[in-house]
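Structure record follows, encoded as structure tokens.
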There are 2 protein chains.
Amino acid sequence: MQTNNILSNLIDSQDETFKTLLESKNVKIERIVTDAHILPKDFWYDQEDDEWVIVLQGGAVVGFDNKESIRLGVGDYLHIKAHQKHRVEWTSEKEKTVWLAVHISV
Amino acid sequence: MQTNNILSNLIDSQDETFKTLLESKNVKIERIVTDAHILPKDFWYDQEDDEWVIVLQGGAVVGFDNKESIRLGVGDYLHIKAHQKHRVEWTSEKEKTVWLAVHISV
């Protein structure tokens, strides 16, 4: 039985880093690390799958294409439906922001 | 867009408390809160689904029926396959232990 820690080995990068923790037929569990990273203004995620996401370290603001912005701190979670366009508008500058995302086929 | 916090409203109870955060056809995401709770020695979880679990607060020891025991701290995660018998042998006495569990149909 192997255990790993989601808060260790946060790769030093200015970009978002994605690490698949578990993948099965209908579900992918992923760690996302962002480092004061602002996505290009014209880039929107538009995903085929539902995404359930929680912030485990740091903080972030997620924006939606209806102009709504949501501030997320540690422990805050969000259910983003498939094709609900969104982007990361801001993440903490004090530390890397660690997200856990569960992608669910619809 | 609604956000909630997984670390808030930890119900005061001596028992494990389970709260479904998201449920779909193949996946259930659940918060589990344990309060220095030791399960009866003869009780084993024997689940139909795969379970991916991470500790978000506190600490715990999970035991398996092959006599293996795994200590989990904050951020530690574990993939427990369907029908892999397991139980919670110990959780932190200093604070409530908060788990995030993703149950995945196999």
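Ordering of the structure tokens sets the chain letters (A, B, ...), residue numbers begin anew at 1 in every chain, and ligands are numbered from 1 in the order given.
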Give me, as a Markdown table, each residue of chain A that comes within 6 Å of chain B, together with its shortest interatomic pair and the distance in Å at one decimal, counting only C-alpha atoms, with rows ordered by chain and rising residue number.
```
| residue | atom | partner | partner_atom | distance |
| --- | --- | --- | --- | --- |
| A:Thr3 | CA | B:Leu78 | CA | 5.2 |
| A:Asn4 | CA | B:Asp76 | CA | 5.4 |
| A:Asn5 | CA | B:Asp76 | CA | 4.2 |
| A:Ile6 | CA | B:Gly75 | CA | 5.1 |
| A:Leu7 | CA | B:Gly75 | CA | 5.8 |
| A:Gly75 | CA | B:Asn5 | CA | 5.0 |
| A:Asp76 | CA | B:Asn5 | CA | 4.1 |
| A:Tyr77 | CA | B:Asn4 | CA | 5.6 |
| A:Leu78 | CA | B:Thr3 | CA | 5.2 |
```
Excluding same-chain residues fewer than 4 positions from Lys94 of chain B, what lies within 12 Å of it counting only C-alpha atoms, as a list in words?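 Once the nearby chain positions are removed, what remains is Thr34, Asp35, Ala36, His37, Gln57, Gly58, Gly59 and Ala60 of chain B.
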Could you pull out the strand (DSSP E or B) residues of chain A, going by DSSP on the backbone, and write them as a PDB file with C-alpha atoms, in the first residue's frame?
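The resulting file, result16.pdb, is reproduced below:
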```
ATOM      1  CA  ASN A   4       2.108   9.935  -1.312  1.00  0.00           C
ATOM      2  CA  ASN A   5       1.801  13.546  -0.230  1.00  0.00           C
ATOM      3  CA  THR A  17       1.877  22.012 -13.479  1.00  0.00           C
ATOM      4  CA  PHE A  18      -0.518  19.139 -13.757  1.00  0.00           C
ATOM      5  CA  LYS A  19       0.038  15.728 -12.211  1.00  0.00           C
ATOM      6  CA  THR A  20      -2.385  12.853 -12.610  1.00  0.00           C
ATOM      7  CA  LEU A  21      -2.870  11.077  -9.291  1.00  0.00           C
ATOM      8  CA  LEU A  22      -5.476   8.566 -10.420  1.00  0.00           C
ATOM      9  CA  GLU A  23      -7.108   7.847 -13.750  1.00  0.00           C
ATOM     10  CA  VAL A  27     -12.665   9.901 -13.520  1.00  0.00           C
ATOM     11  CA  LYS A  28      -9.325  11.647 -13.398  1.00  0.00           C
ATOM     12  CA  ILE A  29      -7.914  13.005 -10.149  1.00  0.00           C
ATOM     13  CA  GLU A  30      -5.256  15.616 -10.702  1.00  0.00           C
ATOM     14  CA  ARG A  31      -2.995  17.893  -8.702  1.00  0.00           C
ATOM     15  CA  ILE A  32      -2.550  21.375 -10.143  1.00  0.00           C
ATOM     16  CA  VAL A  33       0.176  23.723  -8.895  1.00  0.00           C
ATOM     17  CA  THR A  34       0.120  27.412  -9.806  1.00  0.00           C
ATOM     18  CA  TYR A  45     -10.831  26.569 -20.183  1.00  0.00           C
ATOM     19  CA  ASP A  50     -17.406  18.246 -15.124  1.00  0.00           C
ATOM     20  CA  GLU A  51     -14.682  19.408 -12.756  1.00  0.00           C
ATOM     21  CA  TRP A  52     -14.812  19.465  -8.981  1.00  0.00           C
ATOM     22  CA  VAL A  53     -11.928  21.473  -7.598  1.00  0.00           C
ATOM     23  CA  ILE A  54     -10.650  22.364  -4.114  1.00  0.00           C
ATOM     24  CA  VAL A  55      -7.774  24.621  -3.003  1.00  0.00           C
ATOM     25  CA  LEU A  56      -5.409  22.850  -0.588  1.00  0.00           C
ATOM     26  CA  GLN A  57      -2.734  25.530  -0.249  1.00  0.00           C
ATOM     27  CA  ALA A  60      -6.896  31.935  -6.105  1.00  0.00           C
ATOM     28  CA  VAL A  61      -9.535  33.810  -8.036  1.00  0.00           C
ATOM     29  CA  VAL A  62     -11.425  31.909 -10.727  1.00  0.00           C
ATOM     30  CA  GLY A  63     -13.298  33.922 -13.328  1.00  0.00           C
ATOM     31  CA  PHE A  64     -16.252  32.833 -15.449  1.00  0.00           C
ATOM     32  CA  SER A  69     -15.215  35.995 -10.149  1.00  0.00           C
ATOM     33  CA  ILE A  70     -14.862  33.656  -7.194  1.00  0.00           C
ATOM     34  CA  ARG A  71     -12.172  33.952  -4.523  1.00  0.00           C
ATOM     35  CA  LEU A  72     -11.004  30.585  -3.174  1.00  0.00           C
ATOM     36  CA  ASP A  76     -12.859  26.117  -0.621  1.00  0.00           C
ATOM     37  CA  TYR A  77     -14.334  23.926  -3.332  1.00  0.00           C
ATOM     38  CA  LEU A  78     -16.262  24.505  -6.506  1.00  0.00           C
ATOM     39  CA  HIS A  79     -18.193  22.420  -9.015  1.00  0.00           C
ATOM     40  CA  ILE A  80     -17.561  23.619 -12.558  1.00  0.00           C
ATOM     41  CA  HIS A  86     -13.495  29.643 -16.758  1.00  0.00           C
ATOM     42  CA  ARG A  87      -9.975  30.829 -16.136  1.00  0.00           C
ATOM     43  CA  VAL A  88      -7.587  31.423 -13.253  1.00  0.00           C
ATOM     44  CA  GLU A  89      -7.406  35.196 -12.791  1.00  0.00           C
ATOM     45  CA  TRP A  90      -5.058  35.311  -9.811  1.00  0.00           C
ATOM     46  CA  THR A  91      -3.168  33.050  -7.428  1.00  0.00           C
ATOM     47  CA  THR A  97      -1.268  27.354  -4.873  1.00  0.00           C
ATOM     48  CA  VAL A  98      -2.129  23.655  -4.798  1.00  0.00           C
ATOM     49  CA  TRP A  99      -5.448  22.457  -6.196  1.00  0.00           C
ATOM     50  CA  LEU A 100      -7.018  19.040  -6.250  1.00  0.00           C
ATOM     51  CA  ALA A 101      -9.231  18.565  -9.300  1.00  0.00           C
ATOM     52  CA  VAL A 102     -11.603  15.674  -9.978  1.00  0.00           C
ATOM     53  CA  HIS A 103     -12.635  15.451 -13.636  1.00  0.00           C
ATOM     54  CA  ILE A 104     -15.826  13.466 -14.161  1.00  0.00           C
TER      55      ILE A 104
END
```
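Every protein, DNA or RNA residue with an atom at most 10 Å from Asp46 of chain B, where only C-alpha atoms count and chain neighbours fewer than 4 positions away do not, is listed here: Lys81, Ala82, His83, Gln84, Lys85, His86 and Arg87 of chain B.
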Those residues with N, CA and C atoms, as a PDB file, in the first residue's frame please?
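This is the output file part18.pdb:
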```pdb
ATOM      1  N   LYS B  81      -8.413  -0.072  -3.241  1.00  0.00           N
ATOM      2  CA  LYS B  81      -9.183  -0.771  -4.279  1.00  0.00           C
ATOM      3  C   LYS B  81     -10.467  -1.377  -3.689  1.00  0.00           C
ATOM      4  N   ALA B  82     -11.435  -1.569  -4.560  1.00  0.00           N
ATOM      5  CA  ALA B  82     -12.684  -2.205  -4.142  1.00  0.00           C
ATOM      6  C   ALA B  82     -12.375  -3.528  -3.424  1.00  0.00           C
ATOM      7  N   HIS B  83     -13.088  -3.764  -2.364  1.00  0.00           N
ATOM      8  CA  HIS B  83     -12.979  -5.001  -1.576  1.00  0.00           C
ATOM      9  C   HIS B  83     -11.628  -5.197  -0.887  1.00  0.00           C
ATOM     10  N   GLN B  84     -10.837  -4.129  -0.835  1.00  0.00           N
ATOM     11  CA  GLN B  84      -9.630  -4.208  -0.009  1.00  0.00           C
ATOM     12  C   GLN B  84     -10.072  -3.808   1.404  1.00  0.00           C
ATOM     13  N   LYS B  85     -10.163  -4.790   2.259  1.00  0.00           N
ATOM     14  CA  LYS B  85     -10.735  -4.531   3.586  1.00  0.00           C
ATOM     15  C   LYS B  85      -9.820  -3.608   4.389  1.00  0.00           C
ATOM     16  N   HIS B  86     -10.438  -2.602   5.013  1.00  0.00           N
ATOM     17  CA  HIS B  86      -9.643  -1.625   5.761  1.00  0.00           C
ATOM     18  C   HIS B  86     -10.475  -1.047   6.908  1.00  0.00           C
ATOM     19  N   ARG B  87      -9.776  -0.420   7.821  1.00  0.00           N
ATOM     20  CA  ARG B  87     -10.465   0.259   8.928  1.00  0.00           C
ATOM     21  C   ARG B  87      -9.610   1.424   9.415  1.00  0.00           C
TER      22      ARG B  87
END
```
